[in-house]
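Source file entry.pdb; content: PDB, C-alpha atoms.
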```
ATOM      1  CA  MET A  30       6.634   7.260   7.257  1.00  0.00           C
ATOM      2  CA  ARG A  31       8.680   7.380  10.452  1.00  0.00           C
ATOM      3  CA  LEU A  32       7.699   4.476  12.644  1.00  0.00           C
ATOM      4  CA  LEU A  33       9.158   5.537  15.967  1.00  0.00           C
ATOM      5  CA  TYR A  34       6.550   3.628  17.933  1.00  0.00           C
ATOM      6  CA  LEU A  35       7.606   0.416  16.207  1.00  0.00           C
ATOM      7  CA  VAL A  36      11.189   1.060  17.109  1.00  0.00           C
ATOM      8  CA  LEU A  37      10.220   1.562  20.739  1.00  0.00           C
ATOM      9  CA  VAL A  38       8.264  -1.670  20.730  1.00  0.00           C
ATOM     10  CA  SER A  39      11.280  -3.528  19.423  1.00  0.00           C
ATOM     11  CA  LEU A  40      13.445  -2.008  22.135  1.00  0.00           C
ATOM     12  CA  LEU A  41      11.366  -3.677  24.824  1.00  0.00           C
ATOM     13  CA  PHE A  42      13.018  -6.911  23.811  1.00  0.00           C
ATOM     14  CA  LEU A  43      16.551  -5.575  23.916  1.00  0.00           C
ATOM     15  CA  ASN A  44      18.941  -4.114  26.453  1.00  0.00           C
ATOM     16  CA  SER A  45      21.065  -1.107  25.723  1.00  0.00           C
ATOM     17  CA  HIS A  46      24.125  -3.181  24.884  1.00  0.00           C
ATOM     18  CA  THR A  47      22.191  -5.288  22.377  1.00  0.00           C
ATOM     19  CA  ILE A  48      20.758  -2.225  20.676  1.00  0.00           C
ATOM     20  CA  ALA A  49      24.179  -0.729  20.208  1.00  0.00           C
ATOM     21  CA  GLN A  50      25.356  -3.980  18.658  1.00  0.00           C
ATOM     22  CA  THR A  51      22.209  -4.223  16.542  1.00  0.00           C
ATOM     23  CA  VAL A  52      22.676  -1.128  14.431  1.00  0.00           C
ATOM     24  CA  SER A  53      26.335  -0.253  14.346  1.00  0.00           C
ATOM     25  CA  PRO A  54      28.662  -2.591  16.260  1.00  0.00           C
ATOM     26  CA  LEU A  55      31.949  -1.077  17.249  1.00  0.00           C
ATOM     27  CA  SER A  56      35.049  -2.976  18.308  1.00  0.00           C
ATOM     28  CA  SER A  57      38.343  -2.009  19.881  1.00  0.00           C
ATOM     29  CA  PRO A  58      41.477  -2.224  17.713  1.00  0.00           C
ATOM     30  CA  PRO A  59      43.001  -5.709  17.957  1.00  0.00           C
ATOM     31  CA  VAL A  60      46.066  -6.152  20.118  1.00  0.00           C
ATOM     32  CA  THR A  61      48.998  -7.257  17.951  1.00  0.00           C
ATOM     33  CA  ASN A  62      52.454  -8.769  18.652  1.00  0.00           C
ATOM     34  CA  ARG A  63      54.226  -5.987  16.824  1.00  0.00           C
ATOM     35  CA  GLY A  64      56.984  -4.403  18.942  1.00  0.00           C
ATOM     36  CA  ARG A  65      56.738  -7.021  21.733  1.00  0.00           C
ATOM     37  CA  LEU A  66      59.873  -8.851  22.916  1.00  0.00           C
ATOM     38  CA  PRO A  67      59.890 -12.669  22.593  1.00  0.00           C
ATOM     39  CA  GLY A  68      58.606 -14.380  25.695  1.00  0.00           C
ATOM     40  CA  THR A  69      56.783 -11.309  26.900  1.00  0.00           C
ATOM     41  CA  PRO A  70      53.119 -12.022  27.695  1.00  0.00           C
ATOM     42  CA  ALA A  71      50.636 -10.374  25.344  1.00  0.00           C
ATOM     43  CA  PRO A  72      49.116  -7.286  26.910  1.00  0.00           C
ATOM     44  CA  ARG A  73      45.440  -7.477  27.727  1.00  0.00           C
ATOM     45  CA  ALA A  74      43.046  -4.864  26.444  1.00  0.00           C
ATOM     46  CA  THR A  75      41.907  -2.665  29.269  1.00  0.00           C
ATOM     47  CA  PRO A  76      38.125  -2.244  29.166  1.00  0.00           C
ATOM     48  CA  THR A  77      37.014   1.354  29.145  1.00  0.00           C
ATOM     49  CA  LYS A  78      34.638   2.180  31.949  1.00  0.00           C
ATOM     50  CA  GLU A  79      31.766   4.272  30.713  1.00  0.00           C
ATOM     51  CA  SER A  80      30.030   6.827  32.813  1.00  0.00           C
ATOM     52  CA  ALA A  81      26.258   6.751  33.123  1.00  0.00           C
ATOM     53  CA  ALA A  82      26.058   9.779  30.845  1.00  0.00           C
ATOM     54  CA  GLU A  83      28.206   8.085  28.202  1.00  0.00           C
ATOM     55  CA  GLN A  84      26.103   4.924  28.342  1.00  0.00           C
ATOM     56  CA  LYS A  85      22.940   6.974  27.971  1.00  0.00           C
ATOM     57  CA  GLN A  86      24.383   8.869  24.993  1.00  0.00           C
ATOM     58  CA  ARG A  87      25.528   5.661  23.303  1.00  0.00           C
ATOM     59  CA  TYR A  88      22.080   4.180  23.818  1.00  0.00           C
ATOM     60  CA  GLU A  89      20.325   7.255  22.413  1.00  0.00           C
ATOM     61  CA  ASP A  90      22.669   7.329  19.414  1.00  0.00           C
ATOM     62  CA  ALA A  91      21.949   3.678  18.683  1.00  0.00           C
ATOM     63  CA  VAL A  92      18.191   4.256  18.960  1.00  0.00           C
ATOM     64  CA  ALA A  93      18.418   7.220  16.582  1.00  0.00           C
ATOM     65  CA  VAL A  94      20.297   5.127  14.025  1.00  0.00           C
ATOM     66  CA  LEU A  95      17.778   2.310  14.371  1.00  0.00           C
ATOM     67  CA  GLU A  96      14.866   4.724  13.967  1.00  0.00           C
ATOM     68  CA  GLU A  97      16.409   6.192  10.823  1.00  0.00           C
ATOM     69  CA  ARG A  98      17.027   2.779   9.275  1.00  0.00           C
ATOM     70  CA  VAL A  99      13.524   1.543  10.090  1.00  0.00           C
ATOM     71  CA  GLY A 100      12.146   4.716   8.516  1.00  0.00           C
ATOM     72  CA  GLU A 101      14.160   4.189   5.350  1.00  0.00           C
ATOM     73  CA  ALA A 102      13.051   0.560   5.070  1.00  0.00           C
ATOM     74  CA  SER A 103       9.370   1.241   5.751  1.00  0.00           C
ATOM     75  CA  ASP A 104       9.338   4.220   3.384  1.00  0.00           C
ATOM     76  CA  LYS A 105      10.645   2.025   0.592  1.00  0.00           C
ATOM     77  CA  VAL A 106       7.840  -0.508   1.016  1.00  0.00           C
ATOM     78  CA  MET A 107       5.007   1.852   1.915  1.00  0.00           C
ATOM     79  CA  ALA A 108       5.764   4.303  -0.905  1.00  0.00           C
ATOM     80  CA  LYS A 109       4.902   1.621  -3.471  1.00  0.00           C
ATOM     81  CA  ILE A 110       1.682   0.726  -1.664  1.00  0.00           C
ATOM     82  CA  ILE A 111       0.605   4.352  -1.278  1.00  0.00           C
ATOM     83  CA  ASP A 112       1.356   5.189  -4.922  1.00  0.00           C
ATOM     84  CA  GLN A 113      -0.612   2.162  -6.107  1.00  0.00           C
ATOM     85  CA  GLU A 114      -3.549   3.017  -3.852  1.00  0.00           C
ATOM     86  CA  LYS A 115      -3.608   6.476  -5.444  1.00  0.00           C
ATOM     87  CA  ASP A 116      -3.604   4.965  -8.937  1.00  0.00           C
ATOM     88  CA  LEU A 117      -6.406   2.567  -8.008  1.00  0.00           C
ATOM     89  CA  ARG A 118      -8.483   5.308  -6.404  1.00  0.00           C
ATOM     90  CA  MET A 119      -8.040   7.548  -9.446  1.00  0.00           C
ATOM     91  CA  ARG A 120      -9.223   4.818 -11.824  1.00  0.00           C
ATOM     92  CA  PHE A 121     -12.110   3.950  -9.518  1.00  0.00           C
ATOM     93  CA  ASN A 122     -13.170   7.611  -9.523  1.00  0.00           C
ATOM     94  CA  TYR A 123     -13.521   7.519 -13.321  1.00  0.00           C
ATOM     95  CA  PHE A 124     -16.411   5.080 -12.928  1.00  0.00           C
ATOM     96  CA  GLN A 125     -18.059   6.837 -10.004  1.00  0.00           C
ATOM     97  CA  LYS A 126     -19.370   9.663 -12.190  1.00  0.00           C
ATOM     98  CA  PRO A 127     -23.164   9.528 -12.765  1.00  0.00           C
ATOM     99  CA  GLU A 128     -22.621   9.658 -16.557  1.00  0.00           C
ATOM    100  CA  ARG A 129     -21.228   6.144 -16.443  1.00  0.00           C
ATOM    101  CA  LEU A 130     -24.727   4.829 -15.733  1.00  0.00           C
ATOM    102  CA  ASN A 131     -26.404   6.876 -18.455  1.00  0.00           C
ATOM    103  CA  PRO A 132     -26.507   5.232 -21.902  1.00  0.00           C
ATOM    104  CA  ASN A 133     -26.999   8.647 -23.493  1.00  0.00           C
ATOM    105  CA  SER A 134     -23.447   9.594 -22.494  1.00  0.00           C
ATOM    106  CA  PHE A 135     -22.233   7.582 -25.503  1.00  0.00           C
ATOM    107  CA  ALA A 136     -22.508   9.338 -28.849  1.00  0.00           C
ATOM    108  CA  THR A 137     -21.488   6.300 -30.912  1.00  0.00           C
ATOM    109  CA  ARG A 138     -21.300   2.577 -30.321  1.00  0.00           C
ATOM    110  CA  GLU A 139     -17.535   2.642 -30.846  1.00  0.00           C
ATOM    111  CA  GLU A 140     -17.158   4.746 -27.704  1.00  0.00           C
ATOM    112  CA  ILE A 141     -18.098   1.772 -25.532  1.00  0.00           C
ATOM    113  CA  GLN A 142     -14.879  -0.122 -26.294  1.00  0.00           C
ATOM    114  CA  PRO A 143     -12.503   2.402 -24.683  1.00  0.00           C
ATOM    115  CA  TRP A 144     -14.504   2.158 -21.484  1.00  0.00           C
ATOM    116  CA  LEU A 145     -14.333  -1.628 -21.556  1.00  0.00           C
ATOM    117  CA  LYS A 146     -10.573  -1.209 -21.836  1.00  0.00           C
ATOM    118  CA  LEU A 147     -10.647   1.103 -18.811  1.00  0.00           C
ATOM    119  CA  THR A 148     -12.410  -1.616 -16.800  1.00  0.00           C
ATOM    120  CA  ASP A 149      -9.516  -3.935 -17.719  1.00  0.00           C
ATOM    121  CA  GLU A 150      -7.030  -1.326 -16.533  1.00  0.00           C
ATOM    122  CA  LEU A 151      -8.988  -0.866 -13.302  1.00  0.00           C
ATOM    123  CA  GLN A 152      -8.832  -4.632 -12.758  1.00  0.00           C
ATOM    124  CA  GLN A 153      -5.082  -4.655 -13.399  1.00  0.00           C
ATOM    125  CA  SER A 154      -4.584  -1.830 -10.906  1.00  0.00           C
ATOM    126  CA  ARG A 155      -6.684  -3.677  -8.324  1.00  0.00           C
ATOM    127  CA  ASP A 156      -4.704  -6.903  -8.871  1.00  0.00           C
ATOM    128  CA  LEU A 157      -1.362  -5.116  -8.522  1.00  0.00           C
ATOM    129  CA  MET A 158      -2.616  -3.496  -5.312  1.00  0.00           C
ATOM    130  CA  ALA A 159      -3.508  -6.923  -3.929  1.00  0.00           C
ATOM    131  CA  LYS A 160      -0.087  -8.258  -4.903  1.00  0.00           C
ATOM    132  CA  LEU A 161       1.739  -5.431  -3.111  1.00  0.00           C
ATOM    133  CA  TYR A 162      -0.235  -6.056   0.068  1.00  0.00           C
ATOM    134  CA  GLY A 163       0.398  -9.782  -0.268  1.00  0.00           C
ATOM    135  CA  ASN A 164       4.157  -9.220  -0.590  1.00  0.00           C
ATOM    136  CA  ALA A 165       4.375  -6.488   2.056  1.00  0.00           C
ATOM    137  CA  SER A 166       5.710  -8.731   4.815  1.00  0.00           C
ATOM    138  CA  GLU A 167       8.452 -10.245   2.679  1.00  0.00           C
ATOM    139  CA  ASP A 168       9.341  -6.892   1.103  1.00  0.00           C
ATOM    140  CA  LEU A 169       9.589  -5.192   4.485  1.00  0.00           C
ATOM    141  CA  ASP A 170      11.799  -7.963   5.840  1.00  0.00           C
ATOM    142  CA  SER A 171      14.175  -7.581   2.890  1.00  0.00           C
ATOM    143  CA  ALA A 172      14.205  -3.788   3.239  1.00  0.00           C
ATOM    144  CA  LEU A 173      15.011  -3.959   6.964  1.00  0.00           C
ATOM    145  CA  ILE A 174      17.834  -6.453   6.441  1.00  0.00           C
ATOM    146  CA  ALA A 175      19.190  -4.257   3.645  1.00  0.00           C
ATOM    147  CA  GLN A 176      19.402  -1.451   6.226  1.00  0.00           C
ATOM    148  CA  ARG A 177      21.796  -3.644   8.270  1.00  0.00           C
ATOM    149  CA  ILE A 178      19.316  -4.240  11.067  1.00  0.00           C
ATOM    150  CA  ALA A 179      19.898  -7.490  12.921  1.00  0.00           C
ATOM    151  CA  PRO A 180      17.455 -10.226  11.745  1.00  0.00           C
ATOM    152  CA  ALA A 181      15.913 -10.711  15.210  1.00  0.00           C
ATOM    153  CA  VAL A 182      15.111  -7.013  15.520  1.00  0.00           C
ATOM    154  CA  ALA A 183      14.024  -6.759  11.877  1.00  0.00           C
ATOM    155  CA  ASP A 184      11.598  -9.632  12.405  1.00  0.00           C
ATOM    156  CA  GLN A 185      10.014  -7.970  15.436  1.00  0.00           C
ATOM    157  CA  ILE A 186       9.627  -4.643  13.647  1.00  0.00           C
ATOM    158  CA  ARG A 187       8.216  -6.360  10.554  1.00  0.00           C
ATOM    159  CA  ARG A 188       5.594  -8.225  12.579  1.00  0.00           C
ATOM    160  CA  GLU A 189       4.546  -5.086  14.432  1.00  0.00           C
ATOM    161  CA  LEU A 190       4.186  -3.119  11.201  1.00  0.00           C
ATOM    162  CA  ILE A 191       2.314  -5.839   9.325  1.00  0.00           C
ATOM    163  CA  SER A 192      -0.081  -6.336  12.243  1.00  0.00           C
ATOM    164  CA  SER A 193      -0.963  -2.633  12.045  1.00  0.00           C
ATOM    165  CA  PHE A 194      -2.388  -3.003   8.523  1.00  0.00           C
ATOM    166  CA  PRO A 195      -6.239  -2.971   8.356  1.00  0.00           C
ATOM    167  CA  TRP A 196      -6.344  -6.414   6.758  1.00  0.00           C
ATOM    168  CA  ASP A 197     -10.118  -6.926   7.078  1.00  0.00           C
ATOM    169  CA  GLU A 198     -10.812  -3.674   5.232  1.00  0.00           C
ATOM    170  CA  ILE A 199      -8.152  -4.443   2.612  1.00  0.00           C
ATOM    171  CA  ALA A 200      -9.680  -7.854   1.860  1.00  0.00           C
ATOM    172  CA  LYS A 201     -13.213  -6.451   1.723  1.00  0.00           C
ATOM    173  CA  LYS A 202     -12.162  -3.645  -0.613  1.00  0.00           C
ATOM    174  CA  ASP A 203     -10.492  -6.151  -2.945  1.00  0.00           C
ATOM    175  CA  ASP A 204     -13.653  -8.264  -3.135  1.00  0.00           C
ATOM    176  CA  LEU A 205     -15.913  -5.258  -3.639  1.00  0.00           C
ATOM    177  CA  LEU A 206     -13.721  -3.921  -6.441  1.00  0.00           C
ATOM    178  CA  ASN A 207     -13.948  -7.241  -8.255  1.00  0.00           C
ATOM    179  CA  THR A 208     -17.750  -7.059  -8.047  1.00  0.00           C
ATOM    180  CA  TYR A 209     -17.792  -3.373  -9.020  1.00  0.00           C
ATOM    181  CA  ILE A 210     -15.664  -3.970 -12.121  1.00  0.00           C
ATOM    182  CA  ALA A 211     -17.681  -7.017 -13.196  1.00  0.00           C
ATOM    183  CA  ASP A 212     -20.951  -5.071 -12.907  1.00  0.00           C
ATOM    184  CA  HIS A 213     -19.593  -2.173 -14.947  1.00  0.00           C
ATOM    185  CA  ARG A 214     -18.529  -4.608 -17.671  1.00  0.00           C
ATOM    186  CA  GLN A 215     -22.019  -6.093 -17.721  1.00  0.00           C
ATOM    187  CA  LEU A 216     -23.548  -2.638 -17.966  1.00  0.00           C
ATOM    188  CA  LEU A 217     -21.307  -1.675 -20.882  1.00  0.00           C
ATOM    189  CA  THR A 218     -22.162  -4.964 -22.577  1.00  0.00           C
ATOM    190  CA  LEU A 219     -25.866  -4.253 -22.076  1.00  0.00           C
ATOM    191  CA  PHE A 220     -25.419  -0.862 -23.743  1.00  0.00           C
ATOM    192  CA  ASP A 221     -23.559  -2.474 -26.635  1.00  0.00           C
ATOM    193  CA  GLN A 222     -26.140  -5.207 -27.149  1.00  0.00           C
ATOM    194  CA  ASN A 223     -29.015  -2.727 -26.995  1.00  0.00           C
ATOM    195  CA  TRP A 224     -27.396   0.084 -28.896  1.00  0.00           C
ATOM    196  CA  ALA A 225     -29.825   2.893 -29.820  1.00  0.00           C
ATOM    197  CA  ALA A 226     -32.705   1.033 -28.139  1.00  0.00           C
ATOM    198  CA  TRP A 227     -32.914   3.519 -25.275  1.00  0.00           C
ATOM    199  CA  LYS A 228     -34.817   6.764 -24.857  1.00  0.00           C
ATOM    200  CA  PRO A 229     -33.486  10.187 -23.812  1.00  0.00           C
ATOM    201  CA  ASP A 230     -35.145  10.009 -20.387  1.00  0.00           C
ATOM    202  CA  LYS A 231     -35.920   7.341 -17.796  1.00  0.00           C
ATOM    203  CA  PRO A 232     -37.089   4.692 -18.049  1.00  0.00           C
ATOM    204  CA  TYR A 233     -34.476   4.332 -20.778  1.00  0.00           C
ATOM    205  CA  PHE A 234     -35.576   0.941 -22.122  1.00  0.00           C
ATOM    206  CA  SER A 235     -39.048   0.016 -23.352  1.00  0.00           C
ATOM    207  CA  GLU A 236     -38.411  -3.721 -23.109  1.00  0.00           C
ATOM    208  CA  ALA A 237     -39.242  -4.735 -19.528  1.00  0.00           C
ATOM    209  CA  LYS A 238     -36.449  -7.268 -19.000  1.00  0.00           C
ATOM    210  CA  THR A 239     -33.768  -4.970 -20.386  1.00  0.00           C
ATOM    211  CA  GLU A 240     -34.969  -2.132 -18.158  1.00  0.00           C
ATOM    212  CA  SER A 241     -35.035  -4.465 -15.157  1.00  0.00           C
ATOM    213  CA  ASP A 242     -31.495  -5.704 -15.868  1.00  0.00           C
ATOM    214  CA  TYR A 243     -30.338  -2.128 -16.315  1.00  0.00           C
ATOM    215  CA  GLU A 244     -31.871  -0.916 -13.048  1.00  0.00           C
ATOM    216  CA  LYS A 245     -30.463  -3.912 -11.157  1.00  0.00           C
ATOM    217  CA  LEU A 246     -26.936  -3.276 -12.422  1.00  0.00           C
ATOM    218  CA  CYS A 247     -27.182   0.436 -11.619  1.00  0.00           C
ATOM    219  CA  ASP A 248     -28.346  -0.311  -8.080  1.00  0.00           C
ATOM    220  CA  GLN A 249     -25.531  -2.821  -7.575  1.00  0.00           C
ATOM    221  CA  ILE A 250     -22.888  -0.468  -8.938  1.00  0.00           C
ATOM    222  CA  THR A 251     -24.124   2.443  -6.842  1.00  0.00           C
ATOM    223  CA  GLY A 252     -24.308   0.375  -3.669  1.00  0.00           C
ATOM    224  CA  THR A 253     -20.913  -1.238  -4.150  1.00  0.00           C
ATOM    225  CA  GLY A 254     -19.355   2.100  -5.007  1.00  0.00           C
ATOM    226  CA  LYS A 255     -20.640   3.599  -1.753  1.00  0.00           C
ATOM    227  CA  GLN A 256     -19.197   0.691   0.234  1.00  0.00           C
ATOM    228  CA  ILE A 257     -15.802   1.134  -1.425  1.00  0.00           C
ATOM    229  CA  GLU A 258     -15.878   4.876  -0.723  1.00  0.00           C
ATOM    230  CA  ALA A 259     -16.687   4.158   2.935  1.00  0.00           C
ATOM    231  CA  LEU A 260     -13.738   1.765   3.175  1.00  0.00           C
ATOM    232  CA  TYR A 261     -11.402   4.330   1.637  1.00  0.00           C
ATOM    233  CA  GLU A 262     -12.530   6.814   4.262  1.00  0.00           C
ATOM    234  CA  LYS A 263     -12.118   4.278   7.071  1.00  0.00           C
ATOM    235  CA  MET A 264      -8.627   3.396   5.833  1.00  0.00           C
ATOM    236  CA  ASN A 265      -7.833   7.125   5.562  1.00  0.00           C
ATOM    237  CA  ILE A 266      -6.919   6.840   1.897  1.00  0.00           C
ATOM    238  CA  GLN A 267      -7.479  10.279   0.453  1.00  0.00           C
ATOM    239  CA  SER A 268      -8.875  10.793  -3.015  1.00  0.00           C
ATOM    240  CA  PRO A 269      -6.180  12.077  -5.393  1.00  0.00           C
ATOM    241  CA  SER A 270      -6.446  15.474  -7.026  1.00  0.00           C
ATOM    242  CA  PRO A 271      -9.117  15.592  -9.728  1.00  0.00           C
ATOM    243  CA  THR A 272      -7.851  13.984 -12.913  1.00  0.00           C
ATOM    244  CA  PRO A 273      -9.550  14.435 -16.292  1.00  0.00           C
ATOM    245  CA  VAL A 274     -11.499  11.347 -17.301  1.00  0.00           C
ATOM    246  CA  PRO A 275     -10.054   9.698 -20.440  1.00  0.00           C
ATOM    247  CA  LYS A 276     -11.992  10.921 -23.480  1.00  0.00           C
ATOM    248  CA  ALA A 277     -14.205   8.000 -24.395  1.00  0.00           C
ATOM    249  CA  SER A 278     -16.934  10.264 -25.641  1.00  0.00           C
ATOM    250  CA  ALA A 279     -17.465  13.824 -26.793  1.00  0.00           C
ATOM    251  CA  HIS A 280     -20.196  14.011 -24.168  1.00  0.00           C
ATOM    252  CA  GLN A 281     -17.859  13.411 -21.170  1.00  0.00           C
TER     253      GLN A 281
END
```
Output the structure of this file as structure tokens.
Amino acid sequence: MRLLYLVLVSLLFLNSHTIAQTVSPLSSPPVTNRGRLPGTPAPRATPTKESAAEQKQRYEDAVAVLEERVGEASDKVMAKIIDQEKDLRMRFNYFQKPERLNPNSFATREEIQPWLKLTDELQQSRDLMAKLYGNASEDLDSALIAQRIAPAVADQIRRELISSFPWDEIAKKDDLLNTYIADHRQLLTLFDQNWAAWKPDKPYFSEAKTESDYEKLCDQITGTGKQIEALYEKMNIQSPSPTPVPKASAHQ
């Protein structure tokens, strides 16, 4: 991701001389005493007068270097976040299939355990996603400094980038995923505890309380899933290419 607009924001706080010093400071060769007669005053360096065109070119070169370094730093941090969002979305999609709510999708009781394991893996992916967002500010600061950007400029760029994150949506998605995973675990546990007690068609369970608990969990899962999907769309996080669901059952 090339964050030119962030670079431009940071430049509002700097003059052209400061920018040039920020990204790639240059200095004139030091004046030495070599070849000078004793008692002769040291020659003074004669400052080079730059034309307006030269100043403009130096400024544009410095901006280009700064833009490139900000891009490298932000790419390093954002690539991890984007890759993890893709992994989380892929695992979430496994559980969005209608079969996940149908007890008849399991041919044997043993097939429930792999799906319980997949809920654990979904939770781990969600937790890692939260950790990456939580560390984003610190990671970006380190990446910018590693690109030899002056700390004052790096701090301004970091704050501008971090403030652009949709933090309200991120926090809501994290909470909803926790609820979504917990409800799926309860549903799988209900299937396990009532193995072979269901019918081929709805209503699946003859016992009123079990059917009520089942319907409640299905409604919660469906509703939460729709909210998560809406947040993904709002955050412009695209669904990854279709990935085969892990084979937990011959009926998948």
Task: Between atom CA of A:Leu219 and atom CA of A:Ala159 - distance in Å to one decimal - done: 28.9 Å
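With distances restricted to only C-alpha atoms, A:Arg98 is the closest residue to A:Val182 from A:Gly252, A:Arg98, A:Met158, A:Tyr209.
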TODO: List the neighbours of A:Pro229 out to 7 Å using all atoms listed in the file; skip same-chain residues closer than 2 positions along the sequence, and give me the result as a list in words.
DONE: Asn133, Trp227 and Tyr233 of chain A
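The shortest atom-to-atom distance to A:Ala179, with all atoms listed in the file taken into account, belongs to A:Val99 out of A:Phe234, A:Val99, A:Thr148, A:Ile111.
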Task: Residue IDs satisfying the PyMOL selection byres ((chain A and resi 247) around 12), as a ChimeraX atom specification - done: /A:124-125,127-132,209,212-217,219,240-246,248-254
- [ ] For a cut-off of 10 Å around (10.2, -5.7, 12.6), file coordinates, pick out all residues using all atoms listed in the file and list them as a PyMOL selection string.
- [x] chain A and resi 35-36+38-39+99+103+166+169-170+173-174+178-191
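Residue nearest A:Lys263, chosen from A:Gly163, A:Pro195, A:Pro143, A:Pro232 and counting all atoms listed in the file: A:Pro195.
Using all atoms listed in the file for every distance, the candidate list A:Met107, A:Leu147, A:Thr239, A:Arg87 yields A:Thr239 as the residue closest to A:Ala226.
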TODO: Would you mind reading off the distance between atom CA of A:Lys115 and atom CA of A:Leu206, one decimal, in Å?
DONE: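 These two atoms are separated by 14.5 Å.
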Open item on the list: My list of candidates is A:Asp90, A:Gly100, A:Glu198, A:Gln222. Which is closest to A:Gln256 when distances are computed with all atoms listed in the file?
Closed with: A:Glu198
Task: Separation of atom CA of A:Ala172 from atom CA of A:Trp196, in Å and rounded to one decimal - done: 21.0 Å
Open item on the list: I'd like to know which of A:Met119, A:Ala93, A:Leu145, A:Ile199 is closest to A:Lys160, using all atoms listed in the file.
Closed with: A:Ile199
TODO: Select, counting only C-alpha atoms, all protein, DNA and RNA residues no farther than 12 Å from (-12.3, -0.5, 6.7) in file coordinates, and express the selection as a list in words.
DONE: Phe194, Pro195, Trp196, Asp197, Glu198, Ile199, Ala200, Lys201, Lys202, Asp203, Leu205, Gln256, Ile257, Glu258, Ala259, Leu260, Tyr261, Glu262, Lys263, Met264, Asn265 and Ile266 of chain A
